[in-house]
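Structure file target26.pdb; described as PDB, C-alpha atoms.
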ATOM      1  CA  MET I   1      90.007 146.365  65.467
ATOM      2  CA  ASP I   2      88.104 144.917  62.550
ATOM      3  CA  SER I   3      84.980 147.040  62.931
ATOM      4  CA  GLU I   4      83.951 147.057  59.290
ATOM      5  CA  PRO I   5      81.838 143.863  59.258
ATOM      6  CA  ASN I   6      79.767 145.268  62.116
ATOM      7  CA  TYR I   7      79.404 148.670  60.460
ATOM      8  CA  PHE I   8      78.374 146.964  57.252
ATOM      9  CA  GLU I   9      75.701 144.896  58.975
ATOM     10  CA  ALA I  10      74.411 147.936  60.861
ATOM     11  CA  SER I  11      74.249 150.063  57.711
ATOM     12  CA  ARG I  12      72.630 147.288  55.698
ATOM     13  CA  ALA I  13      69.973 146.753  58.357
ATOM     14  CA  VAL I  14      69.157 150.458  58.667
ATOM     15  CA  LEU I  15      68.948 150.919  54.906
ATOM     16  CA  ALA I  16      66.733 147.849  54.577
ATOM     17  CA  HIS I  17      64.453 149.279  57.271
ATOM     18  CA  HIS I  18      64.057 152.343  55.052
ATOM     19  CA  GLY I  19      63.303 150.308  51.938
ATOM     20  CA  VAL I  20      66.794 150.090  50.432
ATOM     21  CA  ASP I  21      67.724 146.559  49.400
ATOM     22  CA  GLY I  22      70.917 145.251  47.849
ATOM     23  CA  PHE I  23      73.449 147.284  49.857
ATOM     24  CA  GLY I  24      76.518 145.073  49.507
ATOM     25  CA  TRP I  25      80.028 144.777  50.891
ATOM     26  CA  ASP I  26      81.564 146.593  47.919
ATOM     27  CA  ASP I  27      79.137 149.470  48.487
ATOM     28  CA  HIS I  28      80.265 149.635  52.097
ATOM     29  CA  LEU I  29      83.982 149.642  51.236
ATOM     30  CA  ARG I  30      83.577 153.089  49.661
ATOM     31  CA  PHE I  31      83.145 154.504  53.149
ATOM     32  CA  VAL I  32      85.994 152.854  55.050
ATOM     33  CA  GLY I  33      87.830 155.567  56.940
ATOM     34  CA  ILE I  34      85.040 158.117  56.601
ATOM     35  CA  GLY I  35      83.048 159.229  59.638
ATOM     36  CA  THR I  36      79.658 157.675  60.277
ATOM     37  CA  ARG I  37      77.817 160.968  59.928
ATOM     38  CA  GLU I  38      79.531 161.798  56.639
ATOM     39  CA  THR I  39      78.760 158.294  55.377
ATOM     40  CA  LEU I  40      75.089 158.630  56.235
ATOM     41  CA  GLU I  41      74.870 162.062  54.644
ATOM     42  CA  THR I  42      76.050 160.496  51.381
ATOM     43  CA  LEU I  43      73.751 157.472  51.658
ATOM     44  CA  ARG I  44      70.777 159.665  52.494
ATOM     45  CA  ARG I  45      71.426 161.723  49.379
ATOM     46  CA  GLU I  46      72.082 158.770  47.090
ATOM     47  CA  TYR I  47      69.051 156.776  48.204
ATOM     48  CA  ARG I  48      66.820 159.833  48.694
ATOM     49  CA  LEU I  49      65.890 158.912  52.237
ATOM     50  CA  ASP I  50      63.379 161.080  54.060
ATOM     51  CA  MET I  51      64.694 160.601  57.585
ATOM     52  CA  PRO I  52      67.083 163.345  58.791
ATOM     53  CA  VAL I  53      70.730 162.395  59.210
ATOM     54  CA  ASP I  54      70.488 162.604  62.997
ATOM     55  CA  GLY I  55      67.751 159.965  62.969
ATOM     56  CA  LEU I  56      69.725 157.680  60.663
ATOM     57  CA  LEU I  57      72.785 158.168  62.840
ATOM     58  CA  ALA I  58      70.889 157.181  65.977
ATOM     59  CA  GLU I  59      69.537 154.047  64.282
ATOM     60  CA  THR I  60      72.949 153.068  62.889
ATOM     61  CA  ASN I  61      74.743 153.609  66.188
ATOM     62  CA  ARG I  62      72.125 151.555  68.015
ATOM     63  CA  ALA I  63      72.417 148.692  65.525
ATOM     64  CA  TYR I  64      76.207 148.857  65.556
ATOM     65  CA  LEU I  65      76.509 148.857  69.343
ATOM     66  CA  GLU I  66      74.369 145.727  69.558
ATOM     67  CA  LEU I  67      76.997 143.973  67.433
ATOM     68  CA  ALA I  68      80.220 145.674  68.514
ATOM     69  CA  GLY I  69      80.056 144.769  72.178
ATOM     70  CA  THR I  70      80.053 141.033  71.534
ATOM     71  CA  ARG I  71      81.636 140.186  68.189
ATOM     72  CA  THR I  72      84.440 142.653  67.486
ATOM     73  CA  GLU I  73      87.873 141.144  66.907
ATOM     74  CA  ALA I  74      91.331 142.694  67.043
ATOM     75  CA  PHE I  75      93.778 141.967  64.230
ATOM     76  CA  PRO I  76      96.418 139.750  65.908
ATOM     77  CA  ARG I  77      99.427 141.509  64.378
ATOM     78  CA  MET I  78      98.041 144.927  65.252
ATOM     79  CA  ARG I  79      97.344 143.819  68.814
ATOM     80  CA  ALA I  80     100.985 142.733  69.059
ATOM     81  CA  TYR I  81     102.042 146.171  67.818
ATOM     82  CA  VAL I  82      99.890 147.954  70.396
ATOM     83  CA  GLU I  83     101.253 145.768  73.173
ATOM     84  CA  ARG I  84     104.825 146.401  72.071
ATOM     85  CA  LEU I  85     104.357 150.170  72.017
ATOM     86  CA  TYR I  86     102.523 150.138  75.347
ATOM     87  CA  ALA I  87     105.265 148.089  76.991
ATOM     88  CA  ALA I  88     107.802 150.646  75.763
ATOM     89  CA  GLY I  89     105.863 153.447  77.447
ATOM     90  CA  VAL I  90     104.677 155.088  74.229
ATOM     91  CA  PRO I  91     101.486 157.136  74.835
ATOM     92  CA  LEU I  92      98.729 155.837  72.547
ATOM     93  CA  ALA I  93      95.483 157.400  71.375
ATOM     94  CA  VAL I  94      92.503 156.361  69.286
ATOM     95  CA  ALA I  95      91.381 159.063  66.825
ATOM     96  CA  SER I  96      88.358 157.777  64.951
ATOM     97  CA  GLY I  97      85.402 158.750  62.820
ATOM     98  CA  SER I  98      83.198 156.551  65.011
ATOM     99  CA  SER I  99      81.156 157.726  67.980
ATOM    100  CA  ARG I 100      82.749 157.697  71.432
ATOM    101  CA  ARG I 101      80.325 155.010  72.571
ATOM    102  CA  ALA I 102      81.305 152.838  69.614
ATOM    103  CA  ILE I 103      85.029 153.309  70.248
ATOM    104  CA  GLU I 104      84.675 152.469  73.919
ATOM    105  CA  ALA I 105      82.529 149.418  73.146
ATOM    106  CA  VAL I 106      85.045 147.851  70.766
ATOM    107  CA  LEU I 107      88.027 148.599  73.007
ATOM    108  CA  GLU I 108      86.269 146.913  75.903
ATOM    109  CA  CYS I 109      85.241 143.964  73.737
ATOM    110  CA  VAL I 110      88.818 143.228  72.673
ATOM    111  CA  GLY I 111      90.340 144.047  76.070
ATOM    112  CA  LEU I 112      92.473 147.011  75.033
ATOM    113  CA  THR I 113      90.798 149.891  76.880
ATOM    114  CA  ASP I 114      93.671 150.476  79.292
ATOM    115  CA  ARG I 115      96.259 150.563  76.527
ATOM    116  CA  PHE I 116      95.131 153.973  75.264
ATOM    117  CA  ALA I 117      95.739 157.212  77.113
ATOM    118  CA  THR I 118      92.939 159.028  75.320
ATOM    119  CA  VAL I 119      90.150 158.584  72.791
ATOM    120  CA  VAL I 120      89.009 161.218  70.291
ATOM    121  CA  SER I 121      85.786 160.763  68.357
ATOM    122  CA  ALA I 122      84.782 162.694  65.252
ATOM    123  CA  GLU I 123      81.814 163.837  67.357
ATOM    124  CA  GLU I 124      84.223 165.951  69.394
ATOM    125  CA  VAL I 125      85.798 167.966  66.567
ATOM    126  CA  ALA I 126      84.494 170.281  63.879
ATOM    127  CA  ARG I 127      85.508 168.216  60.854
ATOM    128  CA  GLY I 128      86.023 164.528  60.172
ATOM    129  CA  LYS I 129      88.707 162.845  58.076
ATOM    130  CA  PRO I 130      90.263 163.669  55.611
ATOM    131  CA  GLU I 131      90.506 166.888  57.627
ATOM    132  CA  PRO I 132      93.167 166.608  60.351
ATOM    133  CA  ASP I 133      91.021 167.657  63.319
ATOM    134  CA  VAL I 134      90.814 164.318  65.181
ATOM    135  CA  PHE I 135      94.566 163.775  64.935
ATOM    136  CA  LEU I 136      95.429 167.287  66.039
ATOM    137  CA  GLU I 137      93.089 166.967  69.012
ATOM    138  CA  ALA I 138      94.649 163.632  69.924
ATOM    139  CA  ALA I 139      98.114 165.226  69.888
ATOM    140  CA  ARG I 140      96.844 168.067  72.066
ATOM    141  CA  ARG I 141      95.417 165.656  74.617
ATOM    142  CA  LEU I 142      98.632 163.630  74.638
ATOM    143  CA  GLY I 143     100.536 166.848  75.286
ATOM    144  CA  THR I 144     102.824 166.558  72.288
ATOM    145  CA  GLU I 145     103.496 168.237  68.962
ATOM    146  CA  PRO I 146     101.921 166.803  65.799
ATOM    147  CA  GLY I 147     105.350 166.298  64.262
ATOM    148  CA  ARG I 148     106.207 163.852  67.057
ATOM    149  CA  CYS I 149     103.165 161.685  66.335
ATOM    150  CA  VAL I 150     102.798 158.643  64.105
ATOM    151  CA  VAL I 151      99.400 157.653  62.728
ATOM    152  CA  VAL I 152      98.482 154.074  61.834
ATOM    153  CA  GLU I 153      95.820 154.220  59.126
ATOM    154  CA  ASP I 154      93.790 151.719  57.129
ATOM    155  CA  ALA I 155      91.984 154.066  54.722
ATOM    156  CA  PRO I 156      92.884 156.852  52.266
ATOM    157  CA  PRO I 157      90.922 159.606  54.085
ATOM    158  CA  GLY I 158      92.844 158.859  57.259
ATOM    159  CA  ALA I 159      96.206 158.836  55.490
ATOM    160  CA  GLU I 160      95.328 162.199  53.964
ATOM    161  CA  ALA I 161      94.304 163.521  57.383
ATOM    162  CA  ALA I 162      97.624 162.406  58.861
ATOM    163  CA  HIS I 163      99.489 164.202  56.083
ATOM    164  CA  ARG I 164      97.502 167.395  56.655
ATOM    165  CA  ALA I 165      98.189 167.152  60.380
ATOM    166  CA  GLY I 166     101.940 167.012  59.745
ATOM    167  CA  MET I 167     102.253 163.533  61.221
ATOM    168  CA  ARG I 168     104.139 160.512  59.961
ATOM    169  CA  CYS I 169     101.945 157.653  58.823
ATOM    170  CA  VAL I 170     102.072 153.864  58.724
ATOM    171  CA  GLY I 171      99.624 152.748  56.043
ATOM    172  CA  VAL I 172      97.870 149.393  56.452
ATOM    173  CA  PRO I 173      95.041 149.443  53.856
ATOM    174  CA  TYR I 174      91.900 147.641  54.962
ATOM    175  CA  ALA I 175      91.148 146.863  51.329
ATOM    176  CA  PRO I 176      94.462 146.074  49.557
ATOM    177  CA  THR I 177      93.086 147.653  46.374
ATOM    178  CA  ALA I 178      93.201 150.981  48.227
ATOM    179  CA  ALA I 179      97.008 150.803  48.485
ATOM    180  CA  ALA I 180      97.293 152.518  45.086
ATOM    181  CA  ASP I 181      95.281 155.519  46.257
ATOM    182  CA  PRO I 182      97.418 158.696  46.096
ATOM    183  CA  ALA I 183      96.680 159.390  49.757
ATOM    184  CA  PHE I 184      98.701 156.346  50.769
ATOM    185  CA  GLY I 185     101.570 157.767  48.742
ATOM    186  CA  THR I 186     102.136 160.170  51.638
ATOM    187  CA  ALA I 187     102.647 157.315  54.117
ATOM    188  CA  GLY I 188     106.222 156.946  55.247
ATOM    189  CA  LEU I 189     105.783 153.198  55.663
ATOM    190  CA  LEU I 190     103.187 151.283  53.654
ATOM    191  CA  PHE I 191     102.110 147.646  53.878
ATOM    192  CA  PRO I 192     100.241 147.280  50.545
ATOM    193  CA  GLY I 193      98.865 143.880  51.491
ATOM    194  CA  GLY I 194      97.137 145.246  54.575
ATOM    195  CA  GLN I 195      96.892 143.284  57.807
ATOM    196  CA  ALA I 196      98.140 140.085  56.148
ATOM    197  CA  GLU I 197     101.416 141.831  55.376
ATOM    198  CA  PHE I 198     101.727 144.019  58.472
ATOM    199  CA  ASP I 199     104.919 143.440  60.470
ATOM    200  CA  ALA I 200     104.822 144.793  64.024
ATOM    201  CA  ALA I 201     108.601 144.619  64.489
ATOM    202  CA  ARG I 202     109.272 146.492  61.253
ATOM    203  CA  ALA I 203     106.691 149.158  62.068
ATOM    204  CA  TYR I 204     108.102 149.547  65.582
ATOM    205  CA  ALA I 205     111.635 150.013  64.253
ATOM    206  CA  TRP I 206     110.454 152.561  61.665
ATOM    207  CA  VAL I 207     108.677 154.654  64.278
ATOM    208  CA  PHE I 208     111.822 155.024  66.321
ATOM    209  CA  ASP I 209     114.473 155.410  63.658
ATOM    210  CA  GLY I 210     112.343 157.668  61.455
ATOM    211  CA  ARG I 211     113.394 156.053  58.192
ATOM    212  CA  ARG I 212     111.432 156.837  55.052
ATOM    213  CA  GLU I 213     110.696 153.762  52.920
TER     214      GLU I 213
END

Go ahead and render the structure in this file as structure tokens.
Amino acid sequence: MDSEPNYFEASRAVLAHHGVDGFGWDDHLRFVGIGTRETLETLRREYRLDMPVDGLLAETNRAYLELAGTRTEAFPRMRAYVERLYAAGVPLAVASGSSRRAIEAVLECVGLTDRFATVVSAEEVARGKPEPDVFLEAARRLGTEPGRCVVVEDAPPGAEAAHRAGMRCVGVPYAPTAAADPAFGTAGLLFPGGQAEFDAARAYAWVFDGRRE
């Protein structure tokens, strides 16, 4: 799902409420793939905000949920990939740095809730990406070994987390400029152009034949 516009608007609104103006899209792109709490810890430090992180997190989640439940969109090619895997009986999981409520809201909004066997939020593990905790927990809940899992990632911290978890990775950078990040060098299959270049059939074939490209 393309959650970033909603996260950007939520973050911008919360920062503006605390007297921070001029938070732009490029500022937001620094945090793609990083958990909401970790993002707010950095913003609180950089902008010297007085409110504790827990308070900022509550405000951001509230603002985000107001947007996510009505205006989240799924990338068409990624939706096709999910549907193809689901039809083949492949167990699917969401392992995200977002809150569980946020994950559930966007899945419901785009009509994909029943396609995923389990959901793991960064709230439920000790460490967020680039640590591998959310992916390892997802594998545990799916009842499989990490080495049998494939991660689809749009950000360098997630690609690094997949590598640390011992999982294969399909890299689909949200920001194409991120394709050169060393973390995406560990991806077995990389679409440097992001969603515009993503090919569901090619990704599906790679998952099952295990080729390195």

| field | Reference answer for the PyMOL selection byres ((chain I and resi 190) around 8), as an MDAnalysis selection string | value | chainID I and resid 170:172 184 187:189 191:192 213

| Local residues around (95.1, 164.6, 60.4), at most 7 Å away, using all atoms listed in the file, as a ChimeraX atom specification | /I:130-136,158,160-165

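Separating CA of Leu92 in chain I from CA of Ala105 in chain I is a distance of 17.4 Å.
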
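Closest approach to Ala63 in chain I from the set I:Met78, I:Val207, I:Ala95, I:Ala13 is made by I:Ala13, with distances taken over all atoms listed in the file.
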
Residues at most 9 Å from Ala93 in chain I, counting all atoms listed in the file, excluding those fewer than 6 positions away in the same chain, as a PDB file with C-alpha atoms, keeping the file's coordinate frame?
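The resulting around.pdb:
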ATOM      1  CA  ARG I 115      96.259 150.563  76.527  1.00  0.00           C
ATOM      2  CA  PHE I 116      95.131 153.973  75.264  1.00  0.00           C
ATOM      3  CA  ALA I 117      95.739 157.212  77.113  1.00  0.00           C
ATOM      4  CA  THR I 118      92.939 159.028  75.320  1.00  0.00           C
ATOM      5  CA  VAL I 119      90.150 158.584  72.791  1.00  0.00           C
ATOM      6  CA  VAL I 120      89.009 161.218  70.291  1.00  0.00           C
ATOM      7  CA  ALA I 138      94.649 163.632  69.924  1.00  0.00           C
ATOM      8  CA  ALA I 139      98.114 165.226  69.888  1.00  0.00           C
ATOM      9  CA  ARG I 141      95.417 165.656  74.617  1.00  0.00           C
ATOM     10  CA  LEU I 142      98.632 163.630  74.638  1.00  0.00           C
TER      11      LEU I 142
END

Take the PyMOL selection byres ((chain I and resi 123) around 9), run it mentally on this structure, and tell me the resulting residues as a compact mmCIF listing (two decimals) with C-alpha atoms, in the coordinates of the input.
# COMPACT_ATOMS: atom_id res chain seq x y z
CA ARG I 37 77.82 160.97 59.93
CA GLY I 97 85.40 158.75 62.82
CA SER I 98 83.20 156.55 65.01
CA SER I 99 81.16 157.73 67.98
CA ARG I 100 82.75 157.70 71.43
CA VAL I 120 89.01 161.22 70.29
CA SER I 121 85.79 160.76 68.36
CA ALA I 122 84.78 162.69 65.25
CA GLU I 124 84.22 165.95 69.39
CA VAL I 125 85.80 167.97 66.57
CA ALA I 126 84.49 170.28 63.88
CA ARG I 127 85.51 168.22 60.85
CA GLY I 128 86.02 164.53 60.17

| request: Report as a list of chain:residue names the residues that result from applying the PyMOL selection byres ((chain I and resi 197) around 12) to the structure here. | output: I:Phe75, I:Pro76, I:Arg77, I:Met78, I:Gly171, I:Val172, I:Pro173, I:Tyr174, I:Pro176, I:Leu190, I:Phe191, I:Pro192, I:Gly193, I:Gly194, I:Gln195, I:Ala196, I:Phe198, I:Asp199, I:Ala200, I:Ala201, I:Arg202, I:Ala203

Next, dump the selected residues to file, keeping only C-alpha atoms, as a short mmCIF file (atom, residue, chain, number, x, y, z; two decimals), keeping the file's coordinate frame.
data_model
loop_
_atom_site.label_atom_id
_atom_site.label_comp_id
_atom_site.auth_asym_id
_atom_site.auth_seq_id
_atom_site.Cartn_x
_atom_site.Cartn_y
_atom_site.Cartn_z
CA PHE I 75 93.78 141.97 64.23
CA PRO I 76 96.42 139.75 65.91
CA ARG I 77 99.43 141.51 64.38
CA MET I 78 98.04 144.93 65.25
CA GLY I 171 99.62 152.75 56.04
CA VAL I 172 97.87 149.39 56.45
CA PRO I 173 95.04 149.44 53.86
CA TYR I 174 91.90 147.64 54.96
CA PRO I 176 94.46 146.07 49.56
CA LEU I 190 103.19 151.28 53.65
CA PHE I 191 102.11 147.65 53.88
CA PRO I 192 100.24 147.28 50.54
CA GLY I 193 98.86 143.88 51.49
CA GLY I 194 97.14 145.25 54.58
CA GLN I 195 96.89 143.28 57.81
CA ALA I 196 98.14 140.08 56.15
CA PHE I 198 101.73 144.02 58.47
CA ASP I 199 104.92 143.44 60.47
CA ALA I 200 104.82 144.79 64.02
CA ALA I 201 108.60 144.62 64.49
CA ARG I 202 109.27 146.49 61.25
CA ALA I 203 106.69 149.16 62.07
#

| query | Could you state the separation of CA of Phe208 in chain I and CA of Thr113 in chain I in Å, given to one decimal place? | reply |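 If I compute the distance from CA of Phe208 in chain I to CA of Thr113 in chain I, I get 24.1 Å.
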
| said: Using Å and a single decimal, report how far CA of Arg168 in chain I sits from CA of Thr39 in chain I. | reply: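 Computing the Euclidean distance for CA of Thr39 in chain I and CA of Arg168 in chain I yields 25.9 Å.
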
| For Met51 in chain I, the nearest of the candidates I:Val151, I:Leu15, I:Val32, I:Leu65, counting all atoms listed in the file | I:Leu15
